[in-house]
Each structure stands twice: as C-alpha cells, then as structure tokens.
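Visitor: My structure is below; once you've seen it, I'll send some questions.
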Protein chains: 2
Amino acid sequence: MRASSPERPSRGSGVPTPRRRRASGRGSAEHDGAPRGIPEASIARLPLYLRALVAMADRGITSVSSEELAGASGVNSAKLRKDLSHLGSYGTRGVGYEVDYLVYQISRELGLTQDWAVAIIGIGNLGRALANYGGFATRGFRTACLIDADPNQVGQRVSGLAVRHLDDLEALIAEHRVAIGVIATPAGAAQEVADRLVAAGVRSVLNFAPAVLTVPPGVELRKVDLSTELQILAFHEQRRVSAVAFEAAANAVVPDDVGDVIDAELGPVAPAASGLRV
Amino acid sequence: MRASSPERPSRGSGVPTPRRRRASGRGSAEHDGAPRGIPEASIARLPLYLRALVAMADRGITSVSSEELAGASGVNSAKLRKDLSHLGSYGTRGVGYEVDYLVYQISRELGLTQDWAVAIIGIGNLGRALANYGGFATRGFRTACLIDADPNQVGQRVSGLAVRHLDDLEALIAEHRVAIGVIATPAGAAQEVADRLVAAGVRSVLNFAPAVLTVPPGVELRKVDLSTELQILAFHEQRRVSAVAFEAAANAVVPDDVGDVIDAELGPVAPAASGLRV
DNA sequence: GCGCTTTTGTGCGCGTGTTCACAAACCCGT
DNA sequence: ACGGGTTTGTGAACACGCGCACAAAAGCGC
C-alpha cells in the first residue's frame with residue numbers, strides 16, 4: 001500500500017472527514033519560515049507509527065485507536081497522541097484515526113511522498129548489505145549510486161547497480177541529484193568522504209563508520225554505530241554481574257573505601273565464565 | 001592496544017597516580033545492590049570516549065585534557081567531565097586524564113575486560129555483513145555462532161564459522177554461553193527468535209529487524225533501524241523544502257486558515273524534483 | 001433532542017539530562 | 001615554601017520530554 005494519494009481520501013463509511021489543523025493555537029506561534037516545530041523525539045517515532053499503520057492497512061484495518069496503535073508501536077498511548085497532535089488534529093474523538101489518512105499525513109510529514117536519491121559510499125561488507133537490503137529500506141528512497149575507492153570493486157554490479165569510483169563522487173551526486181549520503185567506509189576515510197559529500201551539496205548524511213564526524217551547521221548528520229550498541233549491552237550484562245558481586249562484598253565487609261573493593265574484586269575476576277547464564 | 005591490564009598502571013612519568021573514587025558523596029547514596037547509578041545517556045557516550053582514547057593511545061598520547069577528549073568525541077567538555085565523574089574521580093586537576101588508565105577504567109565499566117559471546121540469528125545480507133565485520137566490532141566480543149532458518153544456508157561457512165540451523169538455537173546458546181543475541185532476521189521472524197533467545201537465558205538483544213519487539217522486564221533490548229534513520233533524514237530534507245515553500249505561500253496570501261495552504265500547496269506539489277539541491 | 005460512552009487532544013507536574021560557571025585541587029617555577 | 005596558572009569536579013539553573021489525568025468533542029441509542 002503506497003502512501004502517495006494526494007487527494008483527501010473520501011470515506012465510504014459514515015465516519016466523517018477529520019478537521020484540518022487548527023488556525024489558532026501554538027501552531028501559528030512559531031517563527032516565520034519554520035511552519036511548526038515538531039520535537040526531535042517525536043519525529044524519531046513517526047517512522048515507527050508509519051510502519052505499524054502500513055502493516056495494519058495491509059491487513060485491511062481501516063480505523064485504529066491511539067491505544068491500539070500505541071501498542072503496535074511499543075509506546076505509551078498518551079505519547080502517541082501528543083506526537084500525532086504535533087502534525088495536526090487528524091483524529092476523531094470517540095472513534096480514533098483513519099489508517100489510510102494517517103499513513104498519508106505521516107508520509108507527507110516525513111517527506112516520503114517523493115523518492116529521495118541515496119548514494120552509498122564504501123561497498124564493503126556493510127555497504128553491499130545495505131545496497132542489497134530490499135530496496136534499502138521502505139519506500140521513499142532510491143539507491144541511486146554506489147561508490148568505492150577500491151579499483152577492484154569499481155565496475156562490479158551490486159544489486160543491479162554498477163559500482164563507481166570515488167573520484168567521480170561530485171559528478172555522481174550532481175547527476176543523480178543525491179539528497180542523502182550513506183557512509184559505509186572504513187573509519188579513516190569517513191571524514192574526507194563526508195566533507196566531499198557536503199561540498200557537493202548533500203545535506204543529509206547517515207554514517208555507519210565508527211568515527212566521529214563533524215559537518216557544518218545546516219547539515220543533518222546521523223550515525224549508526226554497531227560497536228557502541230554492543231558495548232551498551234555489555235555494560236548492562238556487566239552491571240548484573242557487578243550487582244551480585246557487590247552485594248556479596250557489601251555483606252562481607254563494610255569498608256570506608258568502596259572503590260577499592262570493586263577494583264580488587266570485580267576487576268580481575270571473571271565471574272561470567274560460570275555465572276553468565278543464571 | 002588491549003585494555004585488560006588488571007593492575008593499576010604504574011606511571012613512568014612524574015604524573016602521580018590519581019585517587020580512587022571518594023568514599024563519601026552521592027556514590028554511596030544509592031540503593032543497595034546497585035553500586036552506582038550511571039545515567040543511561042552517559043553510558044551511551046562511554047563507547048565514544050573509549051574509541052577516541054584508544055585512538056590516542058595508539059598514537060602514543062599518554063595524557064589528555066577534558067577539552068581535548070571532548071573535541072575528539074564530539075561532545076561538550078562539561079558533559080564529558082560529568083560523565084567521567086560518574087565512574088569515579090580519575091582525573092588530575094591541572095593536568096588531565098592519563099589515557100591508558102582511563103581506557104582501562106571505561107573498559108572495565110563497560111564490561112569489556114572479558115569477552116562476551118555473541119550469536120547472530122539470520123544470516124542474510126545484513127547478518128553476513130555483521131559476521132564479516134572485522135571481529136564484528138571492537139574487542140570485548142566474540143562471534144560465537146551463526147544461526148539461520150534456511151536449510152540452504154546451514155553448513156555454509158561465513159567468516160570461518162559454520163552456519164547452524166535455527167532448531168539448535170537453545171542448545172547453541174547454552175553450549176557457547178551466549179550473552180548477547182543479534183537479530184538480523186526478516187521482520188516476521190524477529191519476535192519468535194527474540195522469545196526463544198530470552199527463554200534460553202539471553203538477556204541482551206540487539207535487533208536489526210524492522211519490527212517492534214517486546215521482551216520481559218530485565219531483558220535489555222536495543223534496536224538499530226536503518227529505515228527509521230533514513231526517514232528521519234528525509235524529514236529534515238523535506239522540512240527545508242517546506243520552509244521555503246511555506247514562506248513563499250505566506251508572502252503571497254495571508255489566510256486565516258494556514259493549514260489549508262499547506263495541504264493544498266505542499267502536499268501534491270513535488271518541489272524536490274527540481275529544487276532538491278539548492 | 002438528550003444523555004451516555006468512547007476517545008482524542010492537552011495542561012501540568014515531574015524527572016532526567018545539559019550547560020554554565022566556579023571553587024577546589026594540583027603542578028611548577030622561583 | 002609559596003603563589004600563579006591550569007584543569008578537574010560539581011552545584012545550580014535551565015530545557016526538554018514523558019506520562020497522568022481530565023475536559024472537550026464526537027457518535028449512538030433511546
């Protein structure tokens with residue numbers, strides 16, 4: 001189910017068309033030029049809602065309450081309603097939200113009613129996986145070009161697209177009107193690639209390389225960091241073990257310098273070898 | 001450079017050994033069983049600091065100020081200091097932090113002084129990329145087993161490891177003492193895999209499947225969502241275009257119902273086709 | 001037409017995280 | 001031994017996001 005019908009969906013059932021956003025209220029209290037200021041946290045959840053809604057639409061569900069949609073998205077229903085209220089007043093009190101209509105509104109807000117050209121730079125393991133990843137993601141994006149610095153990679157076809165050389169980056173960006181650059185290079189090359197992308201006019205960058213990138217203001221930079229995610233999980237595993245050991249230590253002695261106990265007992269010891277799975 | 005030296009590093013230079021964490025203060029104000037409550041936001045940044053520190057250590061840098069480290073990590077220096085202060089008082093006023101020592105302390109806090117066994121479930125494009133991704137990530141993790149439901153995949157060797165069948169999941173988890181499960185299956189299979197992982201004793205799950213998973217309390221679930229990241233970027237691209245169109249519309253007419261202008265002018269129109277790159 | 005039920009939209013208090021700014025602590029030169 | 005310069009660690013103000021709880025609105029039955 002594609003979310004691109006521009007005209008208002010005319011309802012077949014007796015459910016009336018929801019009103020458009022209020023003329024009054026805080027919506028118009030924004031600065032000029034910024035139509036409305038949707039909190040970043042809300043924006044980050046819109047894709048979740050959209051995914052759940054599309055799944056519902058595919059199953060033939062036409063109407064949904066905030067409670068149901070919140071459940072399907074794994075969030076609090078009040079949070080969901082507040083998020084949606086930032087887009088406008090698209091629900092019907094006592095009834096809920098019409099699925100198709102909401103899909104369209106969220107898609108429009110996220111800019112998915114048009115296709116954005118994506119360039120993937122760095123066709124290694126990860127880059128190749130991204131290129132092959134079923135049209136990369138959901139609709140709204142088109143993998144326009146694949147770029148790599150390795151001459152052996154250049155010319156190879158990945159997912160129906162020929163890999164081009166890094167030297168042609170600027171020309172390719174211009175030619176394909178690339179809006180989003182995906183960096184999947186080794187860490188060492190990431191900043192240079194980012195600089196060149198920005199210089200070529202790209203203002204949205206998604207970085208998979210394990211490196212801290214800096215971009216000029218006005219350029220949106222997001223990062224996906226696999227090792228960081230793993231390390232955060234490791235922390236929580238570690239903490240579980242620590243907590244147990246700490247409690248045992250605290251029951252045994254009541255030291256005035258707790259830190260040394262932790263250093264001495266928890267550091268060298270490898271408690272997970274046996275106690276990892278409880 | 002491995003961060004596993006358990007004993008306090010004895011300094012060769014004239015820089016004195018930093019003091020351990022204070023016996024007094026809020027550190028001991030925590031509940032029993034939870035040695036110290038480090039904010040989640042701080043934890044998420046520790047891997048960043050660690051990466052920057054390791055890079056510095058490799059370059060032979062032995063001492064670093066909060067300002068320098070913050071710059072290398074792309075964060076505010078005050079935030080960095082507060083984050084580090086949650087671990088203890090590991091700096092020297094007027095001097096800075098000793099790189100090796102801080103690497104060890106952060107590694108220990110993150111539980112990286114031991115290797116955690118990781119299982120990857122779903123050896124498709126992404127799973128294969130993750131398996132090949134240079135030891136998966138930084139040190140501290142060991143890819144213990146690869147699991148897939150497709151009989152054609154089973155037996156294939158990926159990155160030196162034979163792919164095993166999903167039926168053996170529970171046995172493999174137990175055998176390898178897997179602590180972290182990485183889900184790279186299609187969305188439809190993700191929840192079932194998660195349930196089986198949890199039932200088998202895994203309490204840390206990293207989900208790459210585009211699905212909302214629910215796990216019982218006590219299980220740590222993190223997700224990496226490629227399409228969501230793209231869609232967030234698309235939003236900002238869209239907003240740039242919107243802002244321009246909005247301003248133009250606002251200058252042309254001054255309606256009492258601004259919403260209709262947005263709907264009528266911004267919805268159907270495809271401004272990016274020509275104006276995508278300005 | 002009217003009250004009853006349901007569900008949205010939101011005002012408000014609360015907790016968490018961020019940032020500023022400064023005192024305390026430390027090194028070093030004299 | 002001591003004062004000057006530097007950098008950490010942290011108190012306090014601020015900003016932001018979350019969730020409760022409720023009023024407003026819509027549909028429905030009688």
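By order of appearance in the structure tokens: chains A, B, ..., then residues from 1 within every chain, and ligands from 1 in the order shown.
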Produce a table with one row for each residue of chain B that has an atom at most 7 Å from any atom of chain D, each row naming the nearest atom pair and its distance in Å at one decimal; use only C-alpha atoms (C1' of nucleotides); arrange rows by chain and rising residue number; format as a Markdown table.
Guide:
| residue | atom | partner | partner_atom | distance |
| --- | --- | --- | --- | --- |
| B:Ser85 | CA | D:DG9 | C1' | 7.0 |
| B:Gly91 | CA | D:DT8 | C1' | 6.6 |
| B:Thr92 | CA | D:DT8 | C1' | 6.5 |
| B:Arg93 | CA | D:DT8 | C1' | 4.4 |
| B:Gly94 | CA | D:DT7 | C1' | 3.8 |
| B:Val95 | CA | D:DT7 | C1' | 5.9 |
| B:Gly96 | CA | D:DT7 | C1' | 6.5 |
Visitor: Enumerate, as an mmCIF file with N, CA, C and O atoms, in the first residue's frame, the complete set of residues in range 79-249 of chain B that a backbone-based DSSP assignment places in alpha helix (DSSP H).
Guide:
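Written file, out_32.cif:
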data_model
loop_
_atom_site.group_PDB
_atom_site.id
_atom_site.type_symbol
_atom_site.label_atom_id
_atom_site.label_comp_id
_atom_site.auth_asym_id
_atom_site.auth_seq_id
_atom_site.Cartn_x
_atom_site.Cartn_y
_atom_site.Cartn_z
ATOM 1 N N LYS B 79 30.064 18.137 29.765
ATOM 2 C CA LYS B 79 29.330 16.879 29.751
ATOM 3 C C LYS B 79 30.282 15.704 29.901
ATOM 4 O O LYS B 79 30.021 14.765 30.644
ATOM 5 N N LEU B 80 31.381 15.793 29.198
ATOM 6 C CA LEU B 80 32.393 14.736 29.318
ATOM 7 C C LEU B 80 32.841 14.586 30.760
ATOM 8 O O LEU B 80 32.897 13.476 31.298
ATOM 9 N N ARG B 81 33.171 15.693 31.392
ATOM 10 C CA ARG B 81 33.661 15.610 32.769
ATOM 11 C C ARG B 81 32.604 15.016 33.691
ATOM 12 O O ARG B 81 32.907 14.191 34.549
ATOM 13 N N LYS B 82 31.362 15.441 33.493
ATOM 14 C CA LYS B 82 30.302 14.891 34.340
ATOM 15 C C LYS B 82 30.124 13.398 34.087
ATOM 16 O O LYS B 82 29.932 12.620 35.022
ATOM 17 N N ASP B 83 30.201 13.011 32.835
ATOM 18 C CA ASP B 83 30.088 11.583 32.512
ATOM 19 C C ASP B 83 31.182 10.788 33.217
ATOM 20 O O ASP B 83 30.919 9.778 33.860
ATOM 21 N N LEU B 84 32.415 11.270 33.097
ATOM 22 C CA LEU B 84 33.534 10.549 33.702
ATOM 23 C C LEU B 84 33.450 10.559 35.220
ATOM 24 O O LEU B 84 33.862 9.603 35.881
ATOM 25 N N SER B 85 32.879 11.639 35.742
ATOM 26 C CA SER B 85 32.807 11.731 37.206
ATOM 27 C C SER B 85 31.866 10.666 37.769
ATOM 28 O O SER B 85 31.959 10.317 38.942
ATOM 29 N N HIS B 86 30.975 10.156 36.920
ATOM 30 C CA HIS B 86 30.086 9.097 37.391
ATOM 31 C C HIS B 86 30.849 7.797 37.637
ATOM 32 O O HIS B 86 30.424 6.961 38.423
ATOM 33 N N LEU B 87 31.945 7.642 36.936
ATOM 34 C CA LEU B 87 32.736 6.419 37.107
ATOM 35 C C LEU B 87 33.638 6.516 38.333
ATOM 36 O O LEU B 87 34.022 5.512 38.923
ATOM 37 N N VAL B 99 45.696 8.567 29.661
ATOM 38 C CA VAL B 99 44.946 7.847 28.638
ATOM 39 C C VAL B 99 44.781 6.371 28.973
ATOM 40 O O VAL B 99 43.660 5.859 29.025
ATOM 41 N N ASP B 100 45.888 5.684 29.234
ATOM 42 C CA ASP B 100 45.825 4.251 29.495
ATOM 43 C C ASP B 100 44.896 3.924 30.661
ATOM 44 O O ASP B 100 44.087 2.999 30.589
ATOM 45 N N TYR B 101 45.046 4.701 31.693
ATOM 46 C CA TYR B 101 44.274 4.438 32.895
ATOM 47 C C TYR B 101 42.784 4.611 32.626
ATOM 48 O O TYR B 101 41.960 3.795 33.047
ATOM 49 N N LEU B 102 42.459 5.661 31.885
ATOM 50 C CA LEU B 102 41.062 5.924 31.582
ATOM 51 C C LEU B 102 40.498 4.855 30.654
ATOM 52 O O LEU B 102 39.351 4.412 30.817
ATOM 53 N N VAL B 103 41.307 4.420 29.716
ATOM 54 C CA VAL B 103 40.883 3.324 28.841
ATOM 55 C C VAL B 103 40.515 2.108 29.671
ATOM 56 O O VAL B 103 39.462 1.484 29.461
ATOM 57 N N TYR B 104 41.372 1.808 30.620
ATOM 58 C CA TYR B 104 41.094 0.634 31.443
ATOM 59 C C TYR B 104 39.835 0.819 32.275
ATOM 60 O O TYR B 104 38.991 -0.075 32.354
ATOM 61 N N GLN B 105 39.677 1.972 32.854
ATOM 62 C CA GLN B 105 38.517 2.203 33.713
ATOM 63 C C GLN B 105 37.209 2.144 32.933
ATOM 64 O O GLN B 105 36.222 1.556 33.376
ATOM 65 N N ILE B 106 37.208 2.763 31.764
ATOM 66 C CA ILE B 106 35.980 2.735 30.963
ATOM 67 C C ILE B 106 35.719 1.315 30.474
ATOM 68 O O ILE B 106 34.583 0.833 30.504
ATOM 69 N N SER B 107 36.761 0.636 30.050
ATOM 70 C CA SER B 107 36.603 -0.740 29.586
ATOM 71 C C SER B 107 36.012 -1.611 30.695
ATOM 72 O O SER B 107 35.118 -2.424 30.458
ATOM 73 N N ARG B 108 36.521 -1.403 31.872
ATOM 74 C CA ARG B 108 36.028 -2.197 32.980
ATOM 75 C C ARG B 108 34.559 -1.898 33.257
ATOM 76 O O ARG B 108 33.745 -2.790 33.463
ATOM 77 N N GLU B 109 34.234 -0.613 33.217
ATOM 78 C CA GLU B 109 32.852 -0.212 33.486
ATOM 79 C C GLU B 109 31.902 -0.789 32.439
ATOM 80 O O GLU B 109 30.784 -1.205 32.741
ATOM 81 N N LEU B 110 32.365 -0.821 31.213
ATOM 82 C CA LEU B 110 31.534 -1.349 30.125
ATOM 83 C C LEU B 110 31.574 -2.874 30.068
ATOM 84 O O LEU B 110 30.870 -3.485 29.261
ATOM 85 N N ASN B 125 21.748 -10.839 4.015
ATOM 86 C CA ASN B 125 22.707 -9.804 3.645
ATOM 87 C C ASN B 125 23.330 -9.165 4.870
ATOM 88 O O ASN B 125 24.545 -9.095 5.001
ATOM 89 N N LEU B 126 22.444 -8.741 5.749
ATOM 90 C CA LEU B 126 22.920 -7.980 6.898
ATOM 91 C C LEU B 126 23.679 -8.865 7.878
ATOM 92 O O LEU B 126 24.766 -8.504 8.334
ATOM 93 N N GLY B 127 23.113 -10.016 8.178
ATOM 94 C CA GLY B 127 23.760 -10.920 9.122
ATOM 95 C C GLY B 127 25.151 -11.303 8.659
ATOM 96 O O GLY B 127 26.094 -11.353 9.446
ATOM 97 N N ARG B 128 25.262 -11.556 7.351
ATOM 98 C CA ARG B 128 26.572 -11.919 6.813
ATOM 99 C C ARG B 128 27.545 -10.745 6.953
ATOM 100 O O ARG B 128 28.711 -10.940 7.317
ATOM 101 N N ALA B 129 27.065 -9.567 6.686
ATOM 102 C CA ALA B 129 27.915 -8.383 6.821
ATOM 103 C C ALA B 129 28.375 -8.214 8.264
ATOM 104 O O ALA B 129 29.541 -7.922 8.530
ATOM 105 N N LEU B 130 27.465 -8.426 9.190
ATOM 106 C CA LEU B 130 27.819 -8.292 10.601
ATOM 107 C C LEU B 130 28.856 -9.329 10.993
ATOM 108 O O LEU B 130 29.820 -9.025 11.697
ATOM 109 N N ALA B 131 28.674 -10.552 10.505
ATOM 110 C CA ALA B 131 29.605 -11.622 10.836
ATOM 111 C C ALA B 131 30.997 -11.314 10.288
ATOM 112 O O ALA B 131 32.011 -11.603 10.919
ATOM 113 N N ASN B 132 31.028 -10.716 9.114
ATOM 114 C CA ASN B 132 32.311 -10.416 8.491
ATOM 115 C C ASN B 132 32.938 -9.128 9.000
ATOM 116 O O ASN B 132 34.095 -8.841 8.700
ATOM 117 N N LEU B 169 18.969 -23.610 18.203
ATOM 118 C CA LEU B 169 19.234 -22.343 18.882
ATOM 119 C C LEU B 169 19.476 -22.519 20.381
ATOM 120 O O LEU B 169 20.513 -22.097 20.910
ATOM 121 N N GLU B 170 18.551 -23.166 21.041
ATOM 122 C CA GLU B 170 18.669 -23.286 22.503
ATOM 123 C C GLU B 170 19.961 -23.994 22.894
ATOM 124 O O GLU B 170 20.668 -23.578 23.813
ATOM 125 N N ALA B 171 20.260 -25.075 22.183
ATOM 126 C CA ALA B 171 21.466 -25.838 22.506
ATOM 127 C C ALA B 171 22.716 -24.986 22.276
ATOM 128 O O ALA B 171 23.658 -25.009 23.089
ATOM 129 N N LEU B 172 22.732 -24.238 21.184
ATOM 130 C CA LEU B 172 23.898 -23.424 20.862
ATOM 131 C C LEU B 172 24.105 -22.318 21.890
ATOM 132 O O LEU B 172 25.232 -22.029 22.298
ATOM 133 N N ILE B 173 23.009 -21.702 22.306
ATOM 134 C CA ILE B 173 23.096 -20.653 23.318
ATOM 135 C C ILE B 173 23.743 -21.196 24.584
ATOM 136 O O ILE B 173 24.652 -20.584 25.158
ATOM 137 N N ALA B 174 23.272 -22.350 24.983
ATOM 138 C CA ALA B 174 23.795 -22.955 26.199
ATOM 139 C C ALA B 174 25.251 -23.365 26.017
ATOM 140 O O ALA B 174 26.104 -23.076 26.865
ATOM 141 N N GLU B 175 25.519 -24.014 24.903
ATOM 142 C CA GLU B 175 26.864 -24.534 24.654
ATOM 143 C C GLU B 175 27.905 -23.420 24.664
ATOM 144 O O GLU B 175 28.976 -23.552 25.267
ATOM 145 N N HIS B 176 27.594 -22.311 23.975
ATOM 146 C CA HIS B 176 28.577 -21.237 23.850
ATOM 147 C C HIS B 176 28.440 -20.174 24.924
ATOM 148 O O HIS B 176 29.129 -19.165 24.895
ATOM 149 N N ALA B 187 11.500 -9.275 9.396
ATOM 150 C CA ALA B 187 10.672 -8.751 10.480
ATOM 151 C C ALA B 187 9.732 -9.809 11.043
ATOM 152 O O ALA B 187 9.527 -9.880 12.260
ATOM 153 N N GLY B 188 9.199 -10.633 10.162
ATOM 154 C CA GLY B 188 8.198 -11.601 10.596
ATOM 155 C C GLY B 188 8.712 -12.598 11.618
ATOM 156 O O GLY B 188 7.967 -13.071 12.480
ATOM 157 N N ALA B 189 9.981 -12.926 11.542
ATOM 158 C CA ALA B 189 10.533 -13.952 12.416
ATOM 159 C C ALA B 189 11.126 -13.380 13.695
ATOM 160 O O ALA B 189 11.460 -14.131 14.614
ATOM 161 N N ALA B 190 11.247 -12.071 13.755
ATOM 162 C CA ALA B 190 12.038 -11.446 14.820
ATOM 163 C C ALA B 190 11.481 -11.733 16.217
ATOM 164 O O ALA B 190 12.238 -12.087 17.122
ATOM 165 N N GLN B 191 10.178 -11.574 16.380
ATOM 166 C CA GLN B 191 9.622 -11.738 17.718
ATOM 167 C C GLN B 191 9.788 -13.165 18.213
ATOM 168 O O GLN B 191 10.129 -13.386 19.378
ATOM 169 N N GLU B 192 9.577 -14.126 17.339
ATOM 170 C CA GLU B 192 9.723 -15.514 17.764
ATOM 171 C C GLU B 192 11.166 -15.810 18.162
ATOM 172 O O GLU B 192 11.422 -16.466 19.175
ATOM 173 N N VAL B 193 12.085 -15.324 17.369
ATOM 174 C CA VAL B 193 13.504 -15.514 17.697
ATOM 175 C C VAL B 193 13.828 -14.872 19.040
ATOM 176 O O VAL B 193 14.509 -15.461 19.883
ATOM 177 N N ALA B 194 13.314 -13.668 19.234
ATOM 178 C CA ALA B 194 13.565 -12.971 20.498
ATOM 179 C C ALA B 194 13.031 -13.787 21.673
ATOM 180 O O ALA B 194 13.716 -13.952 22.687
ATOM 181 N N ASP B 195 11.831 -14.301 21.518
ATOM 182 C CA ASP B 195 11.231 -15.096 22.596
ATOM 183 C C ASP B 195 12.103 -16.299 22.929
ATOM 184 O O ASP B 195 12.341 -16.612 24.098
ATOM 185 N N ARG B 196 12.585 -16.959 21.877
ATOM 186 C CA ARG B 196 13.402 -18.152 22.115
ATOM 187 C C ARG B 196 14.741 -17.789 22.742
ATOM 188 O O ARG B 196 15.244 -18.512 23.603
ATOM 189 N N LEU B 197 15.319 -16.688 22.321
ATOM 190 C CA LEU B 197 16.572 -16.236 22.925
ATOM 191 C C LEU B 197 16.378 -15.998 24.420
ATOM 192 O O LEU B 197 17.173 -16.449 25.250
ATOM 193 N N VAL B 198 15.326 -15.267 24.738
ATOM 194 C CA VAL B 198 15.065 -14.934 26.133
ATOM 195 C C VAL B 198 14.810 -16.198 26.944
ATOM 196 O O VAL B 198 15.354 -16.364 28.044
ATOM 197 N N ALA B 199 14.018 -17.085 26.375
ATOM 198 C CA ALA B 199 13.733 -18.336 27.079
ATOM 199 C C ALA B 199 15.010 -19.142 27.308
ATOM 200 O O ALA B 199 15.142 -19.856 28.305
ATOM 201 N N LEU B 226 17.532 0.881 10.238
ATOM 202 C CA LEU B 226 18.066 1.615 9.114
ATOM 203 C C LEU B 226 17.013 2.490 8.450
ATOM 204 O O LEU B 226 17.266 3.661 8.147
ATOM 205 N N SER B 227 15.832 1.939 8.224
ATOM 206 C CA SER B 227 14.834 2.717 7.506
ATOM 207 C C SER B 227 14.364 3.900 8.345
ATOM 208 O O SER B 227 14.100 4.979 7.827
ATOM 209 N N THR B 228 14.304 3.716 9.642
ATOM 210 C CA THR B 228 13.932 4.828 10.507
ATOM 211 C C THR B 228 14.942 5.965 10.395
ATOM 212 O O THR B 228 14.560 7.140 10.281
ATOM 213 N N GLU B 229 16.204 5.619 10.408
ATOM 214 C CA GLU B 229 17.243 6.651 10.298
ATOM 215 C C GLU B 229 17.096 7.422 8.997
ATOM 216 O O GLU B 229 17.179 8.653 8.966
ATOM 217 N N LEU B 230 16.876 6.680 7.927
ATOM 218 C CA LEU B 230 16.692 7.339 6.630
ATOM 219 C C LEU B 230 15.485 8.260 6.655
ATOM 220 O O LEU B 230 15.518 9.374 6.123
ATOM 221 N N GLN B 231 14.419 7.787 7.245
ATOM 222 C CA GLN B 231 13.193 8.581 7.243
ATOM 223 C C GLN B 231 13.342 9.849 8.066
ATOM 224 O O GLN B 231 12.744 10.879 7.754
ATOM 225 N N ILE B 232 14.122 9.779 9.118
ATOM 226 C CA ILE B 232 14.369 10.985 9.905
ATOM 227 C C ILE B 232 15.149 11.995 9.069
ATOM 228 O O ILE B 232 14.854 13.196 9.075
ATOM 229 N N LEU B 233 16.117 11.495 8.325
ATOM 230 C CA LEU B 233 16.857 12.390 7.432
ATOM 231 C C LEU B 233 15.924 12.983 6.380
ATOM 232 O O LEU B 233 16.006 14.176 6.075
ATOM 233 N N ALA B 234 15.055 12.149 5.858
ATOM 234 C CA ALA B 234 14.112 12.628 4.842
ATOM 235 C C ALA B 234 13.249 13.748 5.396
ATOM 236 O O ALA B 234 12.947 14.724 4.702
ATOM 237 N N PHE B 235 12.871 13.596 6.663
ATOM 238 C CA PHE B 235 12.061 14.647 7.276
ATOM 239 C C PHE B 235 12.767 15.994 7.217
ATOM 240 O O PHE B 235 12.170 17.011 6.866
ATOM 241 N N HIS B 236 14.037 15.988 7.560
ATOM 242 C CA HIS B 236 14.757 17.261 7.586
ATOM 243 C C HIS B 236 14.942 17.820 6.175
ATOM 244 O O HIS B 236 14.881 19.037 5.979
ATOM 245 N N GLU B 237 15.166 16.937 5.217
ATOM 246 C CA GLU B 237 15.228 17.401 3.830
ATOM 247 C C GLU B 237 13.907 18.055 3.441
ATOM 248 O O GLU B 237 13.860 19.149 2.890
ATOM 249 N N GLN B 238 12.848 17.326 3.762
ATOM 250 C CA GLN B 238 11.500 17.789 3.455
ATOM 251 C C GLN B 238 11.219 19.138 4.103
ATOM 252 O O GLN B 238 10.611 20.017 3.518
ATOM 253 N N ARG B 239 11.678 19.261 5.345
ATOM 254 C CA ARG B 239 11.399 20.478 6.091
ATOM 255 C C ARG B 239 12.084 21.686 5.446
ATOM 256 O O ARG B 239 11.549 22.786 5.431
ATOM 257 N N ARG B 240 13.285 21.437 4.932
ATOM 258 C CA ARG B 240 13.976 22.522 4.250
ATOM 259 C C ARG B 240 13.136 23.019 3.086
ATOM 260 O O ARG B 240 12.922 24.216 2.921
ATOM 261 N N VAL B 241 12.655 22.072 2.286
ATOM 262 C CA VAL B 241 11.832 22.438 1.144
ATOM 263 C C VAL B 241 10.538 23.099 1.610
ATOM 264 O O VAL B 241 10.139 24.143 1.105
ATOM 265 N N SER B 242 9.912 22.512 2.610
ATOM 266 C CA SER B 242 8.679 23.063 3.160
ATOM 267 C C SER B 242 8.853 24.502 3.581
ATOM 268 O O SER B 242 8.025 25.358 3.288
ATOM 269 N N ALA B 243 9.901 24.740 4.296
ATOM 270 C CA ALA B 243 10.121 26.071 4.855
ATOM 271 C C ALA B 243 10.145 27.120 3.747
ATOM 272 O O ALA B 243 9.532 28.184 3.868
ATOM 273 N N VAL B 244 10.842 26.794 2.684
ATOM 274 C CA VAL B 244 10.914 27.724 1.569
ATOM 275 C C VAL B 244 9.535 27.922 0.947
ATOM 276 O O VAL B 244 9.066 29.045 0.770
ATOM 277 N N ALA B 245 8.861 26.827 0.659
ATOM 278 C CA ALA B 245 7.538 26.911 0.037
ATOM 279 C C ALA B 245 6.552 27.630 0.945
ATOM 280 O O ALA B 245 5.726 28.419 0.505
ATOM 281 N N PHE B 246 6.676 27.363 2.244
ATOM 282 C CA PHE B 246 5.780 27.981 3.190
ATOM 283 C C PHE B 246 5.957 29.495 3.189
ATOM 284 O O PHE B 246 5.000 30.256 3.171
ATOM 285 N N GLU B 247 7.195 29.885 3.220
ATOM 286 C CA GLU B 247 7.476 31.308 3.239
ATOM 287 C C GLU B 247 6.906 31.983 1.986
ATOM 288 O O GLU B 247 6.306 33.052 2.056
ATOM 289 N N ALA B 248 7.108 31.338 0.866
ATOM 290 C CA ALA B 248 6.581 31.883 -0.388
ATOM 291 C C ALA B 248 5.066 32.006 -0.320
ATOM 292 O O ALA B 248 4.489 33.040 -0.671
ATOM 293 N N ALA B 249 4.431 30.952 0.196
ATOM 294 C CA ALA B 249 2.964 30.959 0.273
ATOM 295 C C ALA B 249 2.481 32.020 1.245
ATOM 296 O O ALA B 249 1.509 32.734 0.983
#
Visitor: Take CA of Gly124 in chain B and CA of Leu166 in chain B and report the distance between them in Å, one decimal.
Guide: 13.5 Å
Visitor: Range 12-197 of chain B: which residues are strand (DSSP E) by DSSP, as an MDAnalysis selection string?
Guide: chainID B and resid 63:64 97:98 116:121 141:148 157:158 161:165 180:183
Visitor: Select residues of chain C: the criterion is any atom within 8 Å of an atom of chain B, counting only C-alpha atoms (C1' of nucleotides); output as a tab-separated table (two decimals) with C-alpha atoms (C1' of nucleotides), in the first residue's frame.
Guide:
chain	number	residue	atom	x	y	z
C	17	DG	C1'	19.81	15.40	31.07
C	18	DT	C1'	22.53	19.55	29.61
C	19	DT	C1'	25.13	23.62	30.33
C	25	DA	C1'	42.92	20.75	43.70
C	26	DC	C1'	47.10	20.11	41.56
C	27	DC	C1'	51.70	21.23	39.18
Visitor: Report, in Å to a single decimal, how far apart CA of Leu213 in chain B and CA of Gly74 in chain A are.
Guide: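 Value for the CA of Gly74 in chain A-CA of Leu213 in chain B distance: 7.8 Å.
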